[in-house]
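Engineer: Structure supplied as model32.txt; contents: compact mmCIF, C-alpha atoms and all ligand atoms.
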```txt
# COMPACT_ATOMS: atom_id res chain seq x y z
CA MET A 1220 -4.35 6.27 -13.23
CA ASN A 1221 -4.46 7.86 -9.76
CA PRO A 1222 -3.91 5.61 -6.75
CA PRO A 1223 -7.05 5.02 -4.65
CA GLN A 1224 -7.86 7.61 -1.98
CA LEU A 1225 -7.61 4.84 0.61
CA ALA A 1226 -6.16 1.36 0.30
CA LEU A 1227 -6.10 -1.17 3.12
CA SER A 1228 -3.84 -4.11 2.57
CA ALA A 1229 -4.16 -7.24 4.76
CA LEU A 1230 -4.76 -5.18 7.89
CA THR A 1231 -4.69 -7.24 11.07
CA LYS A 1232 -5.35 -6.24 14.67
CA SER A 1233 -5.84 -8.26 17.85
CA PHE A 1234 -6.59 -7.24 21.42
CA ARG A 1235 -5.39 -9.78 23.97
CA GLN A 1236 -5.28 -12.67 21.52
CA ARG A 1237 -8.72 -11.87 20.17
CA VAL A 1238 -8.49 -11.17 16.44
CA VAL A 1239 -10.58 -8.09 15.68
CA LEU A 1240 -9.38 -7.45 12.11
CA ASP A 1241 -8.19 -10.43 10.08
CA HIS A 1242 -6.35 -9.40 6.90
CA VAL A 1243 -8.81 -6.67 5.92
CA SER A 1244 -8.26 -5.24 2.45
CA LEU A 1245 -10.25 -2.50 0.74
CA ALA A 1246 -9.81 0.16 -1.95
CA VAL A 1247 -11.78 3.41 -1.79
CA GLU A 1248 -11.64 5.75 -4.78
CA ALA A 1249 -11.97 9.53 -4.52
CA GLY A 1250 -15.54 10.52 -3.71
CA GLN A 1251 -16.74 6.92 -3.26
CA ARG A 1252 -19.26 5.99 -0.53
CA PHE A 1253 -19.09 2.95 1.71
CA SER A 1254 -21.15 1.82 4.67
CA ILE A 1255 -20.04 -0.77 7.20
CA GLN A 1256 -22.49 -2.71 9.35
CA GLY A 1257 -21.77 -5.45 11.84
CA PRO A 1258 -22.49 -6.57 15.40
CA SER A 1259 -21.35 -4.51 18.35
CA GLY A 1260 -17.75 -5.17 19.44
CA THR A 1261 -16.76 -6.51 16.05
CA GLY A 1262 -14.01 -3.96 15.34
CA LYS A 1263 -15.70 -1.25 13.26
CA THR A 1264 -14.48 1.61 15.44
CA THR A 1265 -11.02 0.04 15.62
CA LEU A 1266 -10.89 -0.08 11.82
CA LEU A 1267 -11.81 3.61 11.51
CA ARG A 1268 -9.31 4.56 14.23
CA ILE A 1269 -6.53 2.76 12.37
CA ILE A 1270 -7.47 4.53 9.12
CA ALA A 1271 -7.46 7.88 10.96
CA GLY A 1272 -4.05 7.18 12.49
CA LEU A 1273 -5.39 7.13 16.07
CA GLU A 1274 -4.38 3.50 16.54
CA ALA A 1275 -1.62 1.29 15.08
CA ALA A 1276 -2.24 -2.06 13.39
CA ASP A 1277 -0.43 -5.32 14.13
CA SER A 1278 0.39 -6.02 10.50
CA GLY A 1279 -0.71 -4.91 7.05
CA SER A 1280 -0.83 -1.35 5.80
CA VAL A 1281 -2.96 1.73 5.20
CA TRP A 1282 -2.27 3.81 2.08
CA LEU A 1283 -3.70 7.26 1.47
CA ALA A 1284 -3.50 8.68 -2.06
CA GLY A 1285 -0.54 6.41 -2.78
CA LYS A 1286 1.41 7.21 0.39
CA VAL A 1287 1.95 4.66 3.13
CA ALA A 1288 0.23 6.03 6.26
CA THR A 1289 0.43 3.01 8.57
CA GLU A 1290 2.70 0.02 8.19
CA GLY A 1291 1.99 -2.63 10.82
CA ALA A 1292 2.64 -1.07 14.20
CA LYS A 1293 4.32 1.98 12.65
CA ILE A 1294 2.28 5.17 12.22
CA LYS A 1295 3.99 6.82 9.25
CA LEU A 1296 1.58 9.74 8.85
CA GLN A 1297 0.17 11.47 11.93
CA PRO A 1298 -3.63 11.92 12.13
CA TRP A 1299 -3.43 15.57 11.10
CA GLN A 1300 -1.26 14.74 8.07
CA ARG A 1301 -3.76 12.29 6.58
CA GLY A 1302 -6.54 14.43 5.07
CA VAL A 1303 -8.94 12.25 7.05
CA GLN A 1304 -11.63 13.51 9.43
CA MET A 1305 -13.62 11.37 11.81
CA VAL A 1306 -16.97 12.24 13.41
CA PHE A 1307 -17.80 10.14 16.47
CA GLN A 1308 -20.97 9.55 18.39
CA ASP A 1309 -19.23 11.47 21.18
CA LEU A 1310 -18.69 14.62 19.14
CA GLY A 1311 -15.48 15.78 20.81
CA LEU A 1312 -16.24 19.50 20.61
CA TRP A 1313 -13.93 21.92 22.42
CA PRO A 1314 -16.11 23.16 25.32
CA THR A 1315 -14.23 26.38 26.12
CA ARG A 1316 -14.21 27.62 22.50
CA ASN A 1317 -17.30 29.07 20.89
CA VAL A 1318 -18.94 27.68 17.74
CA LEU A 1319 -16.90 29.79 15.32
CA GLN A 1320 -13.67 29.19 17.24
CA ASN A 1321 -14.24 25.42 17.22
CA VAL A 1322 -14.28 25.50 13.44
CA MET A 1323 -11.59 28.16 12.97
CA ASP A 1324 -9.13 26.39 15.28
CA ALA A 1325 -9.53 23.19 13.29
CA ARG A 1326 -9.07 24.91 9.93
CA GLN A 1327 -6.08 26.86 11.21
CA ALA A 1328 -4.46 23.69 12.58
CA ALA A 1329 -4.89 22.08 9.16
CA GLY A 1330 -2.91 24.98 7.65
CA LEU A 1331 -5.73 25.98 5.30
CA PRO A 1332 -6.27 29.57 4.08
CA HIS A 1333 -9.13 32.07 4.65
CA VAL A 1334 -9.76 30.67 8.11
CA LYS A 1335 -12.53 33.00 9.29
CA GLU A 1336 -14.29 33.39 5.94
CA VAL A 1337 -14.54 29.69 5.14
CA SER A 1338 -15.35 28.68 8.72
CA THR A 1339 -18.23 31.16 8.77
CA GLN A 1340 -19.47 29.99 5.36
CA VAL A 1341 -19.52 26.35 6.42
CA LEU A 1342 -21.37 27.17 9.65
CA VAL A 1343 -23.95 29.25 7.80
CA ALA A 1344 -24.40 26.46 5.24
CA LEU A 1345 -25.16 24.04 8.07
CA GLY A 1346 -27.64 26.41 9.73
CA LEU A 1347 -25.46 27.63 12.60
CA GLY A 1348 -25.05 31.21 11.44
CA ASP A 1349 -26.98 32.53 14.47
CA PHE A 1350 -24.84 30.65 17.01
CA LEU A 1351 -21.30 31.70 16.12
CA LYS A 1352 -20.51 33.11 19.58
CA ARG A 1353 -22.20 30.35 21.57
CA LYS A 1354 -20.28 27.73 23.53
CA PRO A 1355 -20.96 24.07 22.59
CA GLY A 1356 -22.49 23.39 26.03
CA LYS A 1357 -25.32 25.82 25.17
CA LEU A 1358 -26.27 24.07 21.93
CA SER A 1359 -29.02 21.49 21.47
CA GLY A 1360 -27.97 17.95 20.54
CA GLY A 1361 -28.82 18.54 16.88
CA GLU A 1362 -26.91 21.82 16.78
CA ALA A 1363 -23.86 20.23 18.41
CA ARG A 1364 -23.95 17.54 15.73
CA ARG A 1365 -24.07 20.22 13.04
CA LEU A 1366 -21.03 21.83 14.62
CA ALA A 1367 -19.09 18.55 14.60
CA PHE A 1368 -19.86 18.13 10.89
CA ALA A 1369 -19.01 21.77 10.18
CA ARG A 1370 -15.66 21.36 11.88
CA ALA A 1371 -14.88 18.22 9.89
CA LEU A 1372 -15.89 19.89 6.59
CA ALA A 1373 -13.86 23.05 7.26
CA MET A 1374 -10.77 20.86 7.23
CA GLU A 1375 -11.53 19.88 3.63
CA PRO A 1376 -10.94 16.17 4.19
CA LYS A 1377 -10.37 13.79 1.29
CA LEU A 1378 -11.94 11.06 3.42
CA LEU A 1379 -14.71 11.39 6.00
CA LEU A 1380 -15.09 8.62 8.59
CA LEU A 1381 -18.44 8.58 10.39
CA ASP A 1382 -18.70 6.28 13.38
CA GLU A 1383 -22.40 5.70 14.10
CA PRO A 1384 -22.97 9.45 14.26
CA PHE A 1385 -26.71 9.01 14.90
CA ALA A 1386 -26.72 5.82 16.97
CA SER A 1387 -27.84 7.36 20.26
CA LEU A 1388 -30.74 9.30 18.73
CA ASP A 1389 -34.46 8.56 18.72
CA PRO A 1390 -35.96 7.79 15.27
CA ASP A 1391 -37.06 11.38 14.52
CA ALA A 1392 -33.70 12.85 15.44
CA ARG A 1393 -31.96 10.11 13.49
CA HIS A 1394 -33.99 11.01 10.44
CA ALA A 1395 -33.04 14.67 10.87
CA GLY A 1396 -29.42 13.61 11.41
CA PHE A 1397 -29.39 11.73 8.15
CA GLU A 1398 -30.84 14.72 6.32
CA LEU A 1399 -27.98 16.73 7.77
CA LEU A 1400 -25.53 14.13 6.50
CA GLU A 1401 -27.00 14.41 2.99
CA GLN A 1402 -26.55 18.18 3.25
CA VAL A 1403 -22.95 17.64 4.42
CA LEU A 1404 -22.22 15.29 1.53
CA ASP A 1405 -23.51 17.88 -0.94
CA GLN A 1406 -20.82 20.25 0.35
CA THR A 1407 -17.85 17.93 -0.07
CA SER A 1408 -16.19 15.75 -2.67
CA ALA A 1409 -14.67 13.59 0.08
CA ALA A 1410 -14.96 9.81 0.05
CA VAL A 1411 -17.13 8.61 2.94
CA ILE A 1412 -17.14 5.56 5.18
CA LEU A 1413 -20.24 5.40 7.39
CA VAL A 1414 -20.39 2.86 10.20
CA THR A 1415 -24.03 2.27 11.06
CA HIS A 1416 -26.32 -0.21 12.80
CA ASP A 1417 -29.17 0.76 10.56
CA PRO A 1418 -29.55 -1.04 7.18
CA GLU A 1419 -31.89 1.74 6.04
CA GLU A 1420 -29.15 4.33 6.57
CA ALA A 1421 -26.74 2.17 4.59
CA THR A 1422 -29.22 1.99 1.71
CA ARG A 1423 -29.89 5.72 1.82
CA LEU A 1424 -26.18 6.50 1.73
CA GLY A 1425 -25.78 4.50 -1.48
CA GLY A 1426 -22.43 3.25 -2.73
CA SER A 1427 -21.08 -0.06 -1.46
CA GLN A 1428 -22.50 -1.84 1.57
CA LEU A 1429 -20.05 -3.86 3.64
CA ARG A 1430 -20.32 -5.93 6.78
CA LEU A 1431 -17.57 -6.67 9.30
CA VAL A 1432 -17.98 -10.03 11.02
CA ASP A 1433 -15.32 -12.12 12.74
CA GLY A 1434 -12.60 -9.79 11.52
CA VAL A 1435 -13.59 -10.15 7.87
CA LEU A 1436 -14.97 -7.34 5.74
CA ALA A 1437 -17.43 -8.63 3.11
CA CYS A 1438 -19.91 -7.13 0.65
CA ILE A 1439 -23.55 -7.44 1.63
N1 LIG A 1501 -7.78 -0.27 23.33
C1 LIG A 1501 -8.37 -1.47 23.46
N2 LIG A 1501 -7.89 -2.39 24.33
C2 LIG A 1501 -8.47 -3.61 24.44
N3 LIG A 1501 -9.55 -4.00 23.74
C3 LIG A 1501 -10.08 -3.12 22.88
C4 LIG A 1501 -9.52 -1.81 22.70
N4 LIG A 1501 -10.26 -1.17 21.76
C5 LIG A 1501 -11.23 -2.04 21.39
N5 LIG A 1501 -11.12 -3.19 22.05
C6 LIG A 1501 -11.97 -4.39 21.89
O1 LIG A 1501 -11.99 -4.73 20.52
C7 LIG A 1501 -13.28 -5.14 20.12
C8 LIG A 1501 -13.77 -4.29 18.99
O2 LIG A 1501 -14.08 -2.99 19.48
P1 LIG A 1501 -14.68 -1.85 18.56
O3 LIG A 1501 -13.75 -1.61 17.43
O4 LIG A 1501 -14.98 -0.69 19.42
O5 LIG A 1501 -16.02 -2.55 18.02
P2 LIG A 1501 -17.31 -1.90 17.34
O6 LIG A 1501 -17.01 -0.49 16.98
O7 LIG A 1501 -17.56 -2.78 16.13
O8 LIG A 1501 -18.42 -2.03 18.33
C9 LIG A 1501 -14.14 -5.07 21.37
O9 LIG A 1501 -14.20 -6.35 21.92
C10 LIG A 1501 -13.41 -4.10 22.26
O10 LIG A 1501 -13.65 -4.39 23.61
MG MG A 1502 -17.96 1.25 17.56
```
Mind turning this structure into structure tokens?
Ligand SMILES: Nc1ncnc2c1ncn2[C@@H]1O[C@H](COP(=O)(O)OP(=O)(O)O)[C@@H](O)[C@H]1O
Ligand SMILES: [Mg+2]
Structural biologist:
Amino acid sequence: MNPPQLALSALTKSFRQRVVLDHVSLAVEAGQRFSIQGPSGTGKTTLLRIIAGLEAADSGSVWLAGKVATEGAKIKLQPWQRGVQMVFQDLGLWPTRNVLQNVMDARQAAGLPHVKEVSTQVLVALGLGDFLKRKPGKLSGGEARRLAFARALAMEPKLLLLDEPFASLDPDARHAGFELLEQVLDQTSAAVILVTHDPEEATRLGGSQLRLVDGVLACI
């Protein structure tokens, strides 16, 4: 049997004596979907950042496809070696690079083949075919979001981490954002963890619904 795509084992993290994650354990199989809800400031972003390798833990471990990626405070696999992509509310686009370059640079950095071809295909699939030469600053909010997803997909992640990607949007735009997400999920076999404030989004995503409260991750 294959090891899970992601395994968290008794992951613990505190900031200034405040326990944010208290022995969190979880197994995510290839292609599985999870949502995580929970009050603001409860540690959801911290959990995703530790999975992505952007932050160390205090103790416990993160395993990716059977390889230890984080062991306590030791980052064993760098973020770009993990096959994990994260999309934040703040999209983190590269402002001086145009739409196509944003995606190509990412795919190139991941060492994947057919950089221009695949990057163009992904952008066209997400409705950005007419904007390839445009800089991110000249895109609408919805288009910029498409670009962030396109860039994540072009890196062919095994695991997609989505940190409240639609939280700042009004209800209509959030609805459109979720439709985009469904389109994105059709294009990938990656496992997904979606952090969301919105129980309706969690239900629409399907899969397993979790809640993080007082450092403990529990099924809803
Ligand atoms: N680098 C940091 N230094 C100190 N405290 C932090 C740091 N990152 C997060 N925190 C604190 O940890 C708690 C959890 O933050 P976060 O993971 O962003 O919560 P959530 O995403 O659930 O809103 C918050 O109280 C936040 O202030
Ligand atoms: Mg957060």
Engineer: Could you jot down the CA of Gly1330 (chain A) to CA of Met1305 (chain A) separation for me, Å, one decimal place?
Structural biologist: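 Separation between CA of Gly1330 (chain A) and CA of Met1305 (chain A): 17.8 Å.
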Engineer: Would you please work out which residue, of A:Arg1365, A:Lys1286, A:Lys1335, A:Arg1326, is nearest to Ala1395 (chain A) when using all atoms listed in the file?
Structural biologist: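 The answer is A:Arg1365, which sits nearest to Ala1395 (chain A).
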Engineer: Please compute the CA of Ile1294 (chain A)-CA of Ala1271 (chain A) distance, one decimal, in Å.
Structural biologist: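 It comes out at 10.2 Å.
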Engineer: Throw together the list of residues within 10 Å of ligand MG 1502 (chain A), counting all atoms listed in the file, and drop it here as number ranges by chain.
Structural biologist: A: 1257-1268, 1307-1308, 1382-1383, 1386, 1414-1416
Engineer: Find the spatial neighbours of region 1344-1350 of chain A, counting all atoms listed in the file, within a cut-off of 9 Å - ignore same-chain residues fewer than 5 positions away - and output them as a list in words.
Structural biologist: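 Close residues of region 1344-1350 of chain A: Asn1317, Val1318, Leu1319, Thr1339, Leu1358, Glu1362, Arg1365, Leu1366, Phe1368, Ala1369, Leu1399, Gln1402, Val1403 and Gln1406 of chain A.
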Engineer: Write the residues of the selection above to a file with C-alpha atoms, as an mmCIF file, in the frame of the given file.
Structural biologist:
```cif
data_model
loop_
_atom_site.group_PDB
_atom_site.id
_atom_site.type_symbol
_atom_site.label_atom_id
_atom_site.label_comp_id
_atom_site.auth_asym_id
_atom_site.auth_seq_id
_atom_site.Cartn_x
_atom_site.Cartn_y
_atom_site.Cartn_z
ATOM 1 C CA ASN A 1317 -17.300 29.070 20.890
ATOM 2 C CA VAL A 1318 -18.940 27.680 17.740
ATOM 3 C CA LEU A 1319 -16.900 29.790 15.320
ATOM 4 C CA THR A 1339 -18.230 31.160 8.770
ATOM 5 C CA LEU A 1358 -26.270 24.070 21.930
ATOM 6 C CA GLU A 1362 -26.910 21.820 16.780
ATOM 7 C CA ARG A 1365 -24.070 20.220 13.040
ATOM 8 C CA LEU A 1366 -21.030 21.830 14.620
ATOM 9 C CA PHE A 1368 -19.860 18.130 10.890
ATOM 10 C CA ALA A 1369 -19.010 21.770 10.180
ATOM 11 C CA LEU A 1399 -27.980 16.730 7.770
ATOM 12 C CA GLN A 1402 -26.550 18.180 3.250
ATOM 13 C CA VAL A 1403 -22.950 17.640 4.420
ATOM 14 C CA GLN A 1406 -20.820 20.250 0.350
#
```
